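Chemist: For reference, this is entry.cif, and it has mmCIF, C-alpha atoms.
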```
data_entry
#
loop_
_atom_site.group_PDB
_atom_site.id
_atom_site.type_symbol
_atom_site.label_atom_id
_atom_site.label_comp_id
_atom_site.auth_asym_id
_atom_site.auth_seq_id
_atom_site.Cartn_x
_atom_site.Cartn_y
_atom_site.Cartn_z
ATOM 1 C CA MET G 1 100.151 -38.704 111.620
ATOM 2 C CA PRO G 2 99.968 -42.397 110.692
ATOM 3 C CA THR G 3 97.137 -44.414 112.144
ATOM 4 C CA PRO G 4 97.749 -47.739 113.890
ATOM 5 C CA GLU G 5 96.709 -50.843 112.015
ATOM 6 C CA GLY G 6 93.058 -51.735 112.440
ATOM 7 C CA ILE G 7 91.944 -48.295 113.618
ATOM 8 C CA SER G 8 90.004 -46.215 111.132
ATOM 9 C CA PRO G 9 90.761 -42.523 110.784
ATOM 10 C CA ILE G 10 88.195 -40.062 112.069
ATOM 11 C CA SER G 11 86.943 -39.352 108.566
ATOM 12 C CA ALA G 12 85.747 -42.962 108.274
ATOM 13 C CA PHE G 13 83.040 -42.445 110.898
ATOM 14 C CA SER G 14 79.525 -41.869 109.667
ATOM 15 C CA PRO G 15 78.792 -38.208 108.943
ATOM 16 C CA PRO G 16 76.547 -36.353 111.347
ATOM 17 C CA LEU G 17 72.890 -36.006 110.549
ATOM 18 C CA ARG G 18 72.728 -33.846 107.468
ATOM 19 C CA LEU G 19 70.456 -30.849 107.692
ATOM 20 C CA HIS G 20 68.145 -29.936 104.867
ATOM 21 C CA SER G 21 67.764 -26.317 103.891
ATOM 22 C CA GLY G 22 65.549 -24.622 106.422
ATOM 23 C CA ALA G 23 66.063 -27.353 109.029
ATOM 24 C CA THR G 24 67.111 -26.449 112.518
ATOM 25 C CA LEU G 25 69.183 -28.308 115.044
ATOM 26 C CA LYS G 26 66.040 -28.989 117.024
ATOM 27 C CA GLU G 27 64.483 -30.774 114.043
ATOM 28 C CA ALA G 28 67.689 -32.770 113.505
ATOM 29 C CA GLY G 29 67.740 -33.785 117.168
ATOM 30 C CA HIS G 30 64.079 -34.763 116.981
ATOM 31 C CA ALA G 31 64.744 -36.955 113.926
ATOM 32 C CA LYS G 32 67.715 -38.619 115.629
ATOM 33 C CA LEU G 33 65.670 -39.207 118.797
ATOM 34 C CA LYS G 34 62.864 -40.777 116.757
ATOM 35 C CA GLU G 35 65.353 -43.016 114.964
ATOM 36 C CA MET G 36 66.899 -44.187 118.233
ATOM 37 C CA ALA G 37 63.499 -44.805 119.865
ATOM 38 C CA THR G 38 62.383 -46.874 116.864
ATOM 39 C CA GLU G 39 65.644 -48.834 116.925
ATOM 40 C CA LEU G 40 65.196 -49.598 120.640
ATOM 41 C CA GLU G 41 61.650 -50.784 120.011
ATOM 42 C CA ALA G 42 62.888 -52.949 117.112
ATOM 43 C CA THR G 43 65.517 -54.538 119.367
ATOM 44 C CA PHE G 44 62.933 -55.171 122.080
ATOM 45 C CA LEU G 45 60.488 -56.742 119.622
ATOM 46 C CA SER G 46 63.246 -58.918 118.126
ATOM 47 C CA MET G 47 64.163 -60.237 121.567
ATOM 48 C CA LEU G 48 60.500 -60.826 122.366
ATOM 49 C CA LEU G 49 60.016 -62.759 119.130
ATOM 50 C CA LYS G 50 63.143 -64.807 119.853
ATOM 51 C CA GLU G 51 61.882 -65.808 123.288
ATOM 52 C CA MET G 52 58.458 -66.663 121.880
ATOM 53 C CA ARG G 53 59.960 -68.734 119.062
ATOM 54 C CA GLU G 54 62.136 -70.665 121.514
ATOM 55 C CA THR G 55 59.030 -71.890 123.350
ATOM 56 C CA LEU G 56 58.041 -73.979 120.307
ATOM 57 C CA ASP G 57 58.472 -77.720 120.640
ATOM 58 C CA PRO G 58 61.949 -78.632 119.317
ATOM 59 C CA ASP G 59 60.824 -82.205 118.526
ATOM 60 C CA SER G 60 58.366 -80.914 115.921
ATOM 61 C CA GLY G 61 61.136 -78.988 114.177
ATOM 62 C CA GLY G 62 60.196 -75.555 115.498
ATOM 63 C CA LEU G 63 59.458 -72.715 113.146
ATOM 64 C CA PHE G 64 62.369 -73.532 110.819
ATOM 65 C CA PRO G 65 63.004 -77.305 110.698
ATOM 66 C CA GLY G 66 66.597 -78.230 109.941
ATOM 67 C CA ASP G 67 68.007 -74.902 111.183
ATOM 68 C CA THR G 68 70.342 -76.363 113.797
ATOM 69 C CA GLY G 69 72.392 -73.174 114.145
ATOM 70 C CA ASP G 70 69.297 -70.971 114.577
ATOM 71 C CA VAL G 71 70.470 -68.741 111.717
ATOM 72 C CA TYR G 72 67.105 -68.527 109.964
ATOM 73 C CA GLY G 73 65.297 -68.005 113.242
ATOM 74 C CA GLY G 74 67.654 -65.228 114.327
ATOM 75 C CA LEU G 75 67.301 -63.409 111.005
ATOM 76 C CA PHE G 76 63.553 -63.868 111.136
ATOM 77 C CA ASP G 77 63.405 -62.305 114.595
ATOM 78 C CA LEU G 78 65.670 -59.410 113.586
ATOM 79 C CA TYR G 79 63.859 -58.433 110.410
ATOM 80 C CA LEU G 80 60.354 -58.987 111.725
ATOM 81 C CA GLY G 81 61.194 -56.885 114.805
ATOM 82 C CA ARG G 82 62.485 -54.066 112.583
ATOM 83 C CA HIS G 83 59.469 -54.253 110.311
ATOM 84 C CA LEU G 84 57.049 -54.169 113.237
ATOM 85 C CA ALA G 85 58.814 -51.167 114.822
ATOM 86 C CA GLN G 86 58.914 -49.215 111.556
ATOM 87 C CA SER G 87 55.228 -49.969 110.948
ATOM 88 C CA GLY G 88 54.180 -48.359 114.209
ATOM 89 C CA GLY G 89 55.214 -51.080 116.630
ATOM 90 C CA VAL G 90 53.517 -51.498 119.954
ATOM 91 C CA GLY G 91 53.784 -47.847 121.002
ATOM 92 C CA MET G 92 57.089 -48.149 122.828
ATOM 93 C CA ALA G 93 58.908 -45.701 120.524
ATOM 94 C CA ALA G 94 56.098 -43.157 120.864
ATOM 95 C CA ALA G 95 56.206 -43.435 124.655
ATOM 96 C CA LEU G 96 59.984 -43.001 124.635
ATOM 97 C CA MET G 97 59.643 -39.939 122.411
ATOM 98 C CA ARG G 98 57.169 -38.361 124.840
ATOM 99 C CA GLN G 99 59.466 -39.065 127.789
ATOM 100 C CA LEU G 100 62.742 -38.007 126.204
ATOM 101 C CA GLN G 101 61.670 -34.814 124.459
ATOM 102 C CA PRO G 102 62.572 -31.652 126.331
ATOM 103 C CA PRO G 103 59.591 -29.848 127.817
ATOM 104 C CA PRO G 104 58.197 -26.967 125.755
ATOM 105 C CA PRO G 105 59.558 -23.559 126.727
ATOM 106 C CA ALA G 106 57.538 -21.791 129.370
ATOM 107 C CA THR G 107 55.547 -18.892 128.028
ATOM 108 C CA THR G 108 55.843 -15.691 129.954
ATOM 109 C CA THR G 109 52.725 -13.644 130.432
ATOM 110 C CA THR G 110 52.263 -10.457 132.309
ATOM 111 C CA THR G 111 50.368 -10.943 135.508
ATOM 112 C CA THR G 112 49.261 -7.372 135.952
ATOM 113 C CA ASN G 113 45.691 -7.211 137.162
ATOM 114 C CA ARG G 114 45.541 -11.012 137.155
ATOM 115 C CA THR G 115 45.746 -13.450 139.965
ATOM 116 C CA HIS G 116 48.071 -16.403 139.665
ATOM 117 C CA ALA G 117 46.288 -19.657 138.876
ATOM 118 C CA LEU G 118 47.750 -21.417 141.918
ATOM 119 C CA ALA G 119 47.412 -18.494 144.328
ATOM 120 C CA PRO G 120 44.871 -18.996 147.116
ATOM 121 C CA ARG G 121 41.690 -17.117 146.475
ATOM 122 C CA SER G 122 39.603 -15.411 149.076
ATOM 123 C CA VAL G 123 36.083 -16.738 149.143
ATOM 124 C CA PRO G 124 33.383 -14.285 150.246
ATOM 125 C CA PRO G 125 31.192 -15.489 153.116
ATOM 126 C CA PRO G 126 27.734 -16.762 152.163
ATOM 127 C CA THR G 127 25.006 -14.133 152.223
ATOM 128 C CA SER G 128 22.362 -16.436 153.564
ATOM 129 C CA ALA G 129 22.277 -19.777 155.359
ATOM 130 C CA PRO G 130 21.022 -22.843 153.446
ATOM 131 C CA GLY G 131 17.772 -22.859 155.428
ATOM 132 C CA GLY G 132 16.937 -19.282 154.425
ATOM 133 C CA ASN G 133 17.829 -17.904 157.872
ATOM 134 C CA ALA G 134 20.657 -15.341 157.585
ATOM 135 C CA SER G 135 21.227 -15.066 161.326
ATOM 136 C CA ALA G 136 22.266 -17.958 163.480
#
```
Starting from the coordinates I provided, produce the structure as structure tokens.
Modeler:
Amino acid sequence: MPTPEGISPISAFSPPLRLHSGATLKEAGHAKLKEMATELEATFLSMLLKEMRETLDPDSGGLFPGDTGDVYGGLFDLYLGRHLAQSGGVGMAAALMRQLQPPPPATTTTTTNRTHALAPRSVPPPTSAPGGNASA
């Protein structure tokens, strides 16, 4: 079937995350999640750098004097934000990873002859009063 002009065929899309021998889907999903969290942190840091750079005094020429179209400044923000995120960033990607990862599977243990950790426990009455007098 012919494709309309300007629309790429499905095969032109980027291939899915390739799995290495011995890799599982869980590992592939974890790698993709880490990549997306780092990319979000890079975007955030780039925007933060842009806003910080725009506070410089324009009369003094700013960070890049003569850059009237803000091309150098925009590229600076983009690449510095990426570099910061890939170098560990400010912890935003790590926090996102902790929040977005599925919880570990619950382990099942037999509860025979055990009491549940959250079950109310019966507390035996005290054998003697604090003053040493057992009878009141």
Chemist: Can you spell out as a PyMOL selection string the set of residues that the PyMOL selection byres ((chain G and resi 40-48) around 12) selects in the structure I just provided?
Modeler: chain G and resi 33-39+49-55+73-97
Chemist: Would you mind reading off the distance between atom CA of G:Ala28 and atom CA of G:Gln99, one decimal, in Å?
Modeler: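 If I compute the distance from atom CA of G:Ala28 to atom CA of G:Gln99, I get 17.6 Å.
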Chemist: So that I can see what lies close to G:Pro58, please list as a VMD selection string the residues with an atom at most 12 Å from it, counting only C-alpha atoms and leaving out residues fewer than 5 positions away in the same chain.
Modeler: chain G and resid 53 63 to 68 70
Chemist: For atom CA of G:Gly29 and atom CA of G:Ala106, quote the distance in Å rounded to one decimal.
Modeler: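 Distance reported for this atom pair: 19.9 Å.
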Chemist: Any idea what the distance is between atom CA of G:Lys32 and atom CA of G:Gln101?
Modeler: 11.4 Å
